[in-house]
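Everything on this sheet refers to the single structure shown next.
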Amino acid sequence: MMTTFIIADNQELTRVGLQSLVSEDDAQVLYAPDKAELIALLMQYEESVVIVDYTLFDFTDVDNLLIVAERFKNSHWLLISDDLTGEFLKRVFYASKPMGVVFKDQSLHIIREAIQYTVSGNRYISQRAVGLLLSQQPEEPAT
């Protein structure tokens, strides 16, 4: 079965690198330069794997990202970024749509593993992302 990847990242070097990681005989790789094109591609390829750099893409906020992801229930999402905050990760982890998280500066082995998890319909959360999430202090003291 052919896997369709939609790469939503505005850094050309990252797009080329991700394409080389996901290119297989049974893979189709598409690019989305902005949210409108991403939605158009998702309407056409509902069961695709979306690899997106939230920080470099034109989502207005985390809610905007989560709404788009939730709208396309058959898609699988992997966030790949240089820098994500603990608060952002908390919102993503507790959203109804499971999204994986990996950082661009992690090893190719980890990035490949994250992509494989995502293709199989599972959520990959890098240890670094878990560490950021756990370092979040509660907003209000527990009583």
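To be explicit about the labels: the chains of the structure tokens are called A, B, and onward in the order shown, and within each one the residues are counted from 1, while ligands get numbers from 1 in the order they are shown.
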### Task
Tell me, as a list in words, which residues lie within 10 Å of Lys97 of chain A, counting only C-alpha atoms; anything in the same chain fewer than 5 positions away does not count.
Leu66, Ile67, Val68, Ala69, Glu70, Arg71, Phe72, Lys73, Ser75, His76, Trp77, Val92 and Arg123 of chain A
Determine, counting only C-alpha atoms, which protein, DNA and RNA residues have an atom within 9 Å of an atom of Lys35 of chain A; residues of the same chain fewer than 6 positions away are not included. Present the result as a compact mmCIF listing (two decimals) with N, CA and C atoms, in the first residue's frame.
# COMPACT_ATOMS: atom_id res chain seq x y z
N ALA A 8 5.10 19.69 5.35
CA ALA A 8 4.70 21.09 5.54
C ALA A 8 5.81 21.79 6.32
N PHE A 57 5.55 27.29 10.02
CA PHE A 57 4.39 27.20 9.14
C PHE A 57 3.41 28.30 9.49
N ASP A 58 2.39 28.50 8.68
CA ASP A 58 1.51 29.65 8.88
C ASP A 58 0.25 29.35 9.70
N PHE A 59 0.36 28.46 10.69
CA PHE A 59 -0.73 28.31 11.64
C PHE A 59 -0.71 29.52 12.56
N VAL A 68 -7.18 21.86 12.42
CA VAL A 68 -6.90 21.27 11.10
C VAL A 68 -6.65 19.77 11.24
### Task
Just the residues within 12 Å of Leu132 of chain A, please, counting only C-alpha atoms, with nothing from its chain fewer than 6 positions along; format it as a ChimeraX atom specification.
/A:83-90,93,101-103,125-126
Next, the residues of the selection above should be written as a JSON list (two decimals), in the first residue's frame with C-alpha atoms.
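Result file follows (part12.json):
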[["chain", "number", "residue", "atom", "x", "y", "z"],
["A", 83, "ASP", "CA", 12.08, 24.69, 19.21],
["A", 84, "LEU", "CA", 8.80, 23.92, 20.96],
["A", 85, "THR", "CA", 7.75, 25.14, 24.39],
["A", 86, "GLY", "CA", 6.55, 22.96, 27.22],
["A", 87, "GLU", "CA", 3.20, 24.76, 27.19],
["A", 88, "PHE", "CA", 2.78, 24.07, 23.46],
["A", 89, "LEU", "CA", 3.66, 20.40, 23.98],
["A", 90, "LYS", "CA", 1.16, 20.12, 26.81],
["A", 93, "PHE", "CA", -0.22, 15.92, 24.04],
["A", 101, "VAL", "CA", 6.86, 15.10, 18.27],
["A", 102, "VAL", "CA", 10.53, 15.01, 17.33],
["A", 103, "PHE", "CA", 13.17, 17.73, 17.06],
["A", 125, "ILE", "CA", 7.17, 11.34, 21.48],
["A", 126, "SER", "CA", 10.89, 11.99, 21.73]]
### Message
Using DSSP assignments from the backbone, pull out every residue in segment 31-103 of chain A that falls under alpha helix (DSSP H) and give it to me as a ChimeraX atom specification.
### Response
/A:35-44,62-71,86-93
Selection from above, N, CA, C and O atoms, as a compact mmCIF listing (two decimals), in the first residue's frame, can you write it?
# COMPACT_ATOMS: atom_id res chain seq x y z
N LYS A 35 -0.87 26.72 4.89
CA LYS A 35 -2.01 26.01 5.46
C LYS A 35 -3.10 25.74 4.41
O LYS A 35 -3.69 24.65 4.41
N ALA A 36 -3.37 26.67 3.54
CA ALA A 36 -4.40 26.48 2.52
C ALA A 36 -4.06 25.29 1.62
O ALA A 36 -4.93 24.45 1.33
N GLU A 37 -2.80 25.19 1.19
CA GLU A 37 -2.39 24.06 0.35
C GLU A 37 -2.39 22.76 1.15
O GLU A 37 -2.76 21.71 0.62
N LEU A 38 -2.02 22.82 2.41
CA LEU A 38 -2.07 21.64 3.26
C LEU A 38 -3.49 21.09 3.35
O LEU A 38 -3.72 19.89 3.18
N ILE A 39 -4.45 21.96 3.57
CA ILE A 39 -5.85 21.54 3.65
C ILE A 39 -6.31 20.97 2.32
O ILE A 39 -6.98 19.93 2.26
N ALA A 40 -5.93 21.61 1.22
CA ALA A 40 -6.30 21.11 -0.11
C ALA A 40 -5.73 19.71 -0.34
O ALA A 40 -6.43 18.82 -0.86
N LEU A 41 -4.48 19.50 0.05
CA LEU A 41 -3.87 18.18 -0.11
C LEU A 41 -4.53 17.14 0.80
O LEU A 41 -4.76 16.00 0.40
N LEU A 42 -4.87 17.54 2.02
CA LEU A 42 -5.53 16.61 2.94
C LEU A 42 -6.92 16.23 2.45
O LEU A 42 -7.38 15.12 2.68
N MET A 43 -7.59 17.15 1.79
CA MET A 43 -8.91 16.83 1.23
C MET A 43 -8.77 15.78 0.13
O MET A 43 -9.63 14.93 -0.04
N GLN A 44 -7.67 15.81 -0.58
CA GLN A 44 -7.41 14.88 -1.67
C GLN A 44 -6.81 13.56 -1.16
O GLN A 44 -7.10 12.50 -1.69
N VAL A 62 -1.65 27.30 18.28
CA VAL A 62 -1.75 25.86 18.47
C VAL A 62 -3.17 25.36 18.23
O VAL A 62 -3.37 24.27 17.69
N ASP A 63 -4.17 26.16 18.60
CA ASP A 63 -5.55 25.75 18.36
C ASP A 63 -5.84 25.59 16.88
O ASP A 63 -6.54 24.67 16.47
N ASN A 64 -5.28 26.46 16.07
CA ASN A 64 -5.46 26.39 14.62
C ASN A 64 -4.88 25.08 14.08
O ASN A 64 -5.50 24.40 13.26
N LEU A 65 -3.71 24.70 14.57
CA LEU A 65 -3.09 23.43 14.19
C LEU A 65 -3.98 22.26 14.59
O LEU A 65 -4.25 21.36 13.79
N LEU A 66 -4.45 22.27 15.83
CA LEU A 66 -5.26 21.16 16.34
C LEU A 66 -6.59 21.03 15.61
O LEU A 66 -7.07 19.92 15.36
N ILE A 67 -7.18 22.15 15.23
CA ILE A 67 -8.45 22.13 14.48
C ILE A 67 -8.24 21.48 13.12
O ILE A 67 -9.03 20.64 12.68
N VAL A 68 -7.18 21.86 12.42
CA VAL A 68 -6.90 21.27 11.10
C VAL A 68 -6.65 19.77 11.24
O VAL A 68 -7.18 18.95 10.49
N ALA A 69 -5.85 19.39 12.23
CA ALA A 69 -5.55 17.96 12.43
C ALA A 69 -6.81 17.18 12.77
O ALA A 69 -7.03 16.08 12.25
N GLU A 70 -7.64 17.73 13.62
CA GLU A 70 -8.87 17.03 14.03
C GLU A 70 -9.85 16.90 12.85
O GLU A 70 -10.57 15.92 12.75
N ARG A 71 -9.84 17.87 11.98
CA ARG A 71 -10.74 17.84 10.81
C ARG A 71 -10.45 16.64 9.90
O ARG A 71 -11.36 16.09 9.30
N GLY A 86 7.26 23.93 26.40
CA GLY A 86 6.55 22.96 27.22
C GLY A 86 5.05 23.19 27.20
O GLY A 86 4.27 22.24 27.16
N GLU A 87 4.63 24.44 27.21
CA GLU A 87 3.20 24.76 27.19
C GLU A 87 2.57 24.30 25.87
O GLU A 87 1.48 23.73 25.85
N PHE A 88 3.26 24.53 24.76
CA PHE A 88 2.78 24.07 23.46
C PHE A 88 2.64 22.55 23.47
O PHE A 88 1.63 22.00 23.04
N LEU A 89 3.68 21.86 23.96
CA LEU A 89 3.66 20.40 23.98
C LEU A 89 2.52 19.87 24.84
O LEU A 89 1.87 18.88 24.48
N LYS A 90 2.26 20.53 25.95
CA LYS A 90 1.16 20.12 26.81
C LYS A 90 -0.17 20.16 26.06
O LYS A 90 -0.95 19.22 26.10
N ARG A 91 -0.38 21.22 25.31
CA ARG A 91 -1.62 21.36 24.52
C ARG A 91 -1.72 20.26 23.47
O ARG A 91 -2.76 19.67 23.25
N VAL A 92 -0.60 19.97 22.81
CA VAL A 92 -0.58 18.95 21.76
C VAL A 92 -0.79 17.55 22.35
O VAL A 92 -1.56 16.76 21.83
N PHE A 93 -0.13 17.26 23.46
CA PHE A 93 -0.22 15.92 24.04
C PHE A 93 -1.62 15.60 24.54
O PHE A 93 -2.04 14.45 24.50
### Query
Any idea what's packed within 10 Å of segment 14-16 of chain A, counting only C-alpha atoms, ignoring anything in its chain fewer than 2 positions away? Could you give it as a PyMOL selection string?
chain A and resi 7-12+18-21+29-31+51-53+80+104
